[in-house]
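Right, one structure below, let's go through it.
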Amino acid sequence: MDYKKGYFATSKAGHDKGKCYIVAYADEMYVYLVNGVTKKLEAPKKKKKMHIQIQCCIDEELELKLKDDCKISNEDIKNALERHLK
């Protein structure tokens with residue numbers, strides 16, 4: 001499984017089951033998720049990899065910013081999730 005920065009992910013377990021996030025980064029055991037509102041880039045949600053489902057897609061505007069090494073804001077994350085969930 002590929003846990004790339006910017007990918008959409010859905011929680012499969014826990015009190016946030018079914019909620020959609022964006023991958024901020026990952027390490028060997030955990031994925032750090034953000035939604036731009038309650039889980040911001042400064043304090044992402046830490047989830048075990050087995051407790052999320054990666055959706056192999058990324059928001060186009062967010063992808064462009066990542067490719068250009070532009071700074072991503074919480075507002076960018078929030079807007080990307082809103083576009084994805086519509």
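Chain labels run A, B, ... following the order of the structure tokens; each chain numbers its residues from 1, and ligands are numbered from 1 in the order shown.
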
Go through range 14-66 of chain A and flag each residue having an atom no more than 7 Å from range 70-79 of chain A; for those, report the closest pair of atoms plus their distance in Å to one decimal, using only C-alpha atoms, ordered by chain and rising number, as a Markdown table.
```
| residue | atom | partner | partner_atom | distance |
| --- | --- | --- | --- | --- |
| A:Asn35 | CA | A:Lys78 | CA | 5.8 |
| A:Gly36 | CA | A:Asn74 | CA | 4.2 |
| A:Val37 | CA | A:Lys78 | CA | 6.7 |
| A:Lys40 | CA | A:Asn74 | CA | 6.1 |
| A:Leu41 | CA | A:Asn74 | CA | 6.4 |
| A:Lys65 | CA | A:Cys70 | CA | 5.0 |
| A:Leu66 | CA | A:Cys70 | CA | 6.1 |
```

Atoms to include: N, CA, C and O atoms. Write the selected residues as a short mmCIF file (atom, residue, chain, number, x, y, z; two decimals), in the first residue's frame.
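selection-v6.cif written:
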```
data_model
loop_
_atom_site.label_atom_id
_atom_site.label_comp_id
_atom_site.auth_asym_id
_atom_site.auth_seq_id
_atom_site.Cartn_x
_atom_site.Cartn_y
_atom_site.Cartn_z
N ASN A 35 -7.61 17.17 8.27
CA ASN A 35 -8.84 17.55 7.58
C ASN A 35 -8.96 19.07 7.46
O ASN A 35 -9.94 19.57 6.93
N GLY A 36 -8.00 19.80 8.02
CA GLY A 36 -8.00 21.25 7.91
C GLY A 36 -8.90 21.96 8.90
O GLY A 36 -8.87 23.18 8.99
N VAL A 37 -9.71 21.22 9.65
CA VAL A 37 -10.63 21.83 10.62
C VAL A 37 -10.29 21.37 12.03
O VAL A 37 -9.73 22.12 12.82
N LYS A 40 -5.51 19.62 12.19
CA LYS A 40 -4.77 20.55 11.34
C LYS A 40 -3.35 20.06 11.09
O LYS A 40 -2.88 19.12 11.74
N LEU A 41 -2.68 20.70 10.16
CA LEU A 41 -1.31 20.33 9.80
C LEU A 41 -0.37 20.40 11.00
O LEU A 41 0.58 19.63 11.08
N LYS A 65 0.19 21.98 -6.06
CA LYS A 65 0.97 22.66 -5.01
C LYS A 65 2.09 21.76 -4.49
O LYS A 65 3.19 22.22 -4.23
N LEU A 66 1.79 20.47 -4.34
CA LEU A 66 2.81 19.54 -3.86
C LEU A 66 3.94 19.39 -4.87
O LEU A 66 5.11 19.34 -4.50
#
```

Which residues come within 12 Å of Leu81 in chain A, counting only C-alpha atoms, excluding same-chain residues fewer than 3 positions away, as a short mmCIF file (atom, residue, chain, number, x, y, z; two decimals) with N, CA and C atoms, in the first residue's frame?
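around22.cif, freshly written:
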```
data_model
loop_
_atom_site.label_atom_id
_atom_site.label_comp_id
_atom_site.auth_asym_id
_atom_site.auth_seq_id
_atom_site.Cartn_x
_atom_site.Cartn_y
_atom_site.Cartn_z
N GLY A 6 -0.90 13.72 0.48
CA GLY A 6 -1.95 14.31 -0.34
C GLY A 6 -3.06 13.37 -0.73
N TYR A 7 -2.87 12.07 -0.54
CA TYR A 7 -3.91 11.10 -0.89
C TYR A 7 -5.07 11.17 0.10
N PHE A 8 -6.26 10.89 -0.39
CA PHE A 8 -7.43 10.80 0.48
C PHE A 8 -7.40 9.47 1.22
N ALA A 9 -7.87 9.47 2.45
CA ALA A 9 -7.92 8.25 3.26
C ALA A 9 -9.19 8.27 4.10
N THR A 10 -9.80 7.10 4.28
CA THR A 10 -11.00 6.97 5.09
C THR A 10 -10.68 6.10 6.30
N LYS A 19 -14.92 8.68 8.41
CA LYS A 19 -14.54 10.05 8.10
C LYS A 19 -13.38 10.07 7.11
N CYS A 20 -13.39 11.09 6.27
CA CYS A 20 -12.38 11.24 5.24
C CYS A 20 -11.32 12.25 5.68
N TYR A 21 -10.07 11.94 5.39
CA TYR A 21 -8.93 12.78 5.71
C TYR A 21 -8.00 12.83 4.51
N ILE A 22 -6.93 13.61 4.65
CA ILE A 22 -5.85 13.64 3.67
C ILE A 22 -4.57 13.26 4.39
N VAL A 23 -3.75 12.44 3.74
CA VAL A 23 -2.50 12.00 4.34
C VAL A 23 -1.51 13.18 4.37
N VAL A 34 -4.98 14.68 8.21
CA VAL A 34 -5.48 16.03 8.46
C VAL A 34 -6.81 16.24 7.72
N ASN A 35 -7.61 17.17 8.27
CA ASN A 35 -8.84 17.55 7.58
C ASN A 35 -8.96 19.07 7.46
N GLY A 36 -8.00 19.80 8.02
CA GLY A 36 -8.00 21.25 7.91
C GLY A 36 -8.90 21.96 8.90
N VAL A 37 -9.71 21.22 9.65
CA VAL A 37 -10.63 21.83 10.62
C VAL A 37 -10.29 21.37 12.03
N CYS A 57 -6.40 8.43 -5.02
CA CYS A 57 -6.66 9.65 -5.79
C CYS A 57 -6.20 10.83 -4.96
N ILE A 58 -5.97 11.92 -5.63
CA ILE A 58 -5.49 13.13 -4.98
C ILE A 58 -6.20 14.31 -5.63
N ASP A 59 -6.47 15.34 -4.86
CA ASP A 59 -7.10 16.55 -5.38
C ASP A 59 -6.14 17.22 -6.36
N GLU A 60 -6.64 17.65 -7.51
CA GLU A 60 -5.79 18.23 -8.56
C GLU A 60 -5.05 19.48 -8.09
N GLU A 61 -5.77 20.39 -7.41
CA GLU A 61 -5.14 21.63 -6.95
C GLU A 61 -4.08 21.36 -5.90
N LEU A 62 -4.36 20.43 -5.02
CA LEU A 62 -3.40 20.05 -3.98
C LEU A 62 -2.17 19.38 -4.61
N ASN A 74 -4.06 24.78 5.95
CA ASN A 74 -5.24 24.06 6.43
C ASN A 74 -6.45 24.38 5.56
N GLU A 75 -6.51 25.59 5.04
CA GLU A 75 -7.60 25.98 4.15
C GLU A 75 -7.55 25.17 2.86
N ASP A 76 -6.35 24.92 2.33
CA ASP A 76 -6.18 24.08 1.13
C ASP A 76 -6.71 22.67 1.39
N ILE A 77 -6.38 22.13 2.56
CA ILE A 77 -6.83 20.78 2.94
C ILE A 77 -8.35 20.74 3.04
N LYS A 78 -8.90 21.72 3.72
CA LYS A 78 -10.36 21.80 3.91
C LYS A 78 -11.07 21.88 2.55
N HIS A 84 -13.79 16.87 -2.81
CA HIS A 84 -13.81 15.40 -2.91
C HIS A 84 -15.13 14.80 -2.43
N LEU A 85 -15.70 15.37 -1.40
CA LEU A 85 -16.92 14.79 -0.81
C LEU A 85 -18.19 15.22 -1.54
N LYS A 86 -18.10 16.14 -2.50
CA LYS A 86 -19.29 16.56 -3.26
C LYS A 86 -19.64 15.60 -4.34
#
```

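CA of Ile52 in chain A lies 14.0 Å from CA of Asp27 in chain A.
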
Please give the complete set of residues from chain A that DSSP, run on the backbone, assigns to strand (DSSP E), formatted as a ChimeraX atom specification. /A:7-11,20-26,30-34,45-48,52-58

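Scanning range 21-74 of chain A with DSSP on the backbone, the alpha helix (DSSP H) assignments fall on Glu60, Glu61, Leu62, Glu63, Leu64, Lys65, Leu66, Lys67 and Asn74 of chain A.
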
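Restricting the calculation to only C-alpha atoms, the smallest distance between Lys17 in chain A and any of A:Lys4, A:Arg83, A:His51, A:Lys67 is found for A:His51.
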
In terms of the shortest atom-to-atom distance over only C-alpha atoms, which of A:Met50, A:Ala43, A:Cys56, A:Met29 is closest to Lys5 in chain A? A:Cys56

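You will find CA of Asp2 in chain A at 24.6 Å from CA of Thr38 in chain A.
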
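Residues in contact with Val31 in chain A at 6 Å, where only C-alpha atoms are counted and same-chain residues fewer than 3 positions away are skipped, are listed as Ala26, Lys46, Lys47 and Lys49 of chain A.
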
The selected residues should be written to file as an mmCIF file, in the first residue's frame (atoms: all heavy atoms).
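Contents of the output file selection.cif:
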```cif
data_model
loop_
_atom_site.group_PDB
_atom_site.id
_atom_site.type_symbol
_atom_site.label_atom_id
_atom_site.label_comp_id
_atom_site.auth_asym_id
_atom_site.auth_seq_id
_atom_site.Cartn_x
_atom_site.Cartn_y
_atom_site.Cartn_z
ATOM 1 N N ALA A 26 3.613 9.811 6.578
ATOM 2 C CA ALA A 26 3.535 8.469 7.155
ATOM 3 C C ALA A 26 4.922 8.036 7.605
ATOM 4 O O ALA A 26 5.933 8.508 7.083
ATOM 5 C CB ALA A 26 2.985 7.481 6.140
ATOM 6 N N LYS A 46 -2.997 10.734 14.382
ATOM 7 C CA LYS A 46 -2.109 9.582 14.215
ATOM 8 C C LYS A 46 -2.971 8.326 14.199
ATOM 9 O O LYS A 46 -3.707 8.061 15.134
ATOM 10 C CB LYS A 46 -1.124 9.555 15.379
ATOM 11 C CG LYS A 46 -0.163 8.422 15.390
ATOM 12 C CD LYS A 46 0.764 8.602 16.607
ATOM 13 C CE LYS A 46 1.497 7.352 16.943
ATOM 14 N NZ LYS A 46 2.328 7.518 18.146
ATOM 15 N N LYS A 47 -2.905 7.560 13.105
ATOM 16 C CA LYS A 47 -3.676 6.316 12.968
ATOM 17 C C LYS A 47 -2.752 5.202 12.507
ATOM 18 O O LYS A 47 -1.862 5.428 11.693
ATOM 19 C CB LYS A 47 -4.762 6.441 11.901
ATOM 20 C CG LYS A 47 -5.979 7.253 12.177
ATOM 21 C CD LYS A 47 -7.010 6.609 12.987
ATOM 22 C CE LYS A 47 -8.174 5.955 12.371
ATOM 23 N NZ LYS A 47 -9.182 5.695 13.414
ATOM 24 N N LYS A 49 -1.746 2.163 10.253
ATOM 25 C CA LYS A 49 -1.999 1.966 8.827
ATOM 26 C C LYS A 49 -3.138 0.991 8.570
ATOM 27 O O LYS A 49 -3.899 1.158 7.626
ATOM 28 C CB LYS A 49 -0.724 1.503 8.126
ATOM 29 C CG LYS A 49 0.321 2.588 8.034
ATOM 30 C CD LYS A 49 1.552 2.108 7.317
ATOM 31 C CE LYS A 49 2.551 3.243 7.146
ATOM 32 N NZ LYS A 49 3.741 2.812 6.426
#
```

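We find CA of Ala24 in chain A and CA of Glu82 in chain A to be spaced 16.7 Å apart.
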